[in-house]
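So the structure is just underneath, and the comments pick up after that.
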Amino acid sequence: MKIRAVLLMVLAALASCASRPPAASQEIFDESDASTLLVVAKPIVFARERSDLAAHARDYATVVAVEIDISGDYSDYLMVYRWSTVDRRMLPPPDPAGGALRIVADGRVFDFKPIDKLPVNFAQRRELHVPKHDDVIPRGYKIDVGMLHFIATSHDLLVRMPQEQLDTPFRLWQDGRAALVEFVRRAAAP
């Protein structure tokens, strides 16, 4: 009888853990510059088909919202990881001067230029949602909470990379907008 009671308690504890909503974001302390990073719990992943080069091949753009707090000075960024399942021998090398990003949300266009230095330390690759792929090109973009909110609550969302030869847009592949809404609530809180 005691074993049954213990088993029921364990199952109840597991059920309560499973019913909790996922974390809206995670905090990371970066010892290299004594900053605290607030990272969205789930990225938004965009993809475009590359059937012109190979069956089931795609280009991807993984978009991650990050807020950096350095002694009470807050800055918001989008980290965008550009990667592809296309054999790299079939792709032109990336343009080092490139990196322009265009997000179209409900018809509204947001154009971003990459910042010179990435705002994060990639020691916490998993927490920063860096794709497990060999040829990831990371870029950082300055953004504000108002733009993040608009993107998070938009219905129609796509990404373009104006510097790339292929003009086909990246369409929503994995939807992380709900996590972005929660991130914005926490980032906007005093």
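Following the order of the structure tokens, first chain is A, next is B, and so on, with residues numbered from 1 inside each chain and ligands from 1 in the order they appear.
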
(Q) Please list as a ChimeraX atom specification every residue within 10 Å of Ser71 in chain A, counting only C-alpha atoms and excluding residues in the same chain fewer than 5 positions away. (A) /A:34-36

Q: Return the single residue from A:His129, A:Lys42, A:His155, A:Arg102 that is closest to Gly176 in chain A, with distances computed using only C-alpha atoms.
A: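 Of A:His129, A:Lys42, A:His155, A:Arg102, the one nearest Gly176 in chain A, counting only C-alpha atoms, is A:Lys42.
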
Q.
Neighbouring residues of Leu172 in chain A were defined as those with any atom within 7 Å, considering only C-alpha atoms; residues of the same chain fewer than 6 positions away were excluded. Please report them as an MDAnalysis selection string.
A. chainID A and resid 45:47 157:158

Emit the selected residues as a JSON list (two decimals), in the first residue's frame, including C-alpha atoms.
[["chain", "number", "residue", "atom", "x", "y", "z"],
["A", 45, "VAL", "CA", 12.68, 29.69, -37.71],
["A", 46, "PHE", "CA", 12.12, 30.69, -41.34],
["A", 47, "ALA", "CA", 12.87, 28.51, -44.36],
["A", 157, "LEU", "CA", 5.44, 37.06, -41.33],
["A", 158, "LEU", "CA", 8.36, 36.51, -43.70]]

Q.
Between CA of Met79 in chain A and CA of Glu67 in chain A, what is the distance in Å, rounded to a tenth?
A.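 Separation between CA of Met79 in chain A and CA of Glu67 in chain A: 10.4 Å.
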
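Distances from A:Val181, A:Ile143, A:Leu166, A:Leu101 to Leu78 in chain A were compared using only C-alpha atoms, and the smallest one belongs to A:Ile143.
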
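Here CA of Ala178 in chain A stands at a distance of 25.4 Å from CA of Leu118 in chain A.
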
Q: Rank A:Val66, A:Met147, A:Val86, A:Ala179 by their smallest atom-to-atom distance to Val120 in chain A, using only C-alpha atoms, and report the top residue only.
A: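 The answer is A:Val66, which sits nearest to Val120 in chain A.
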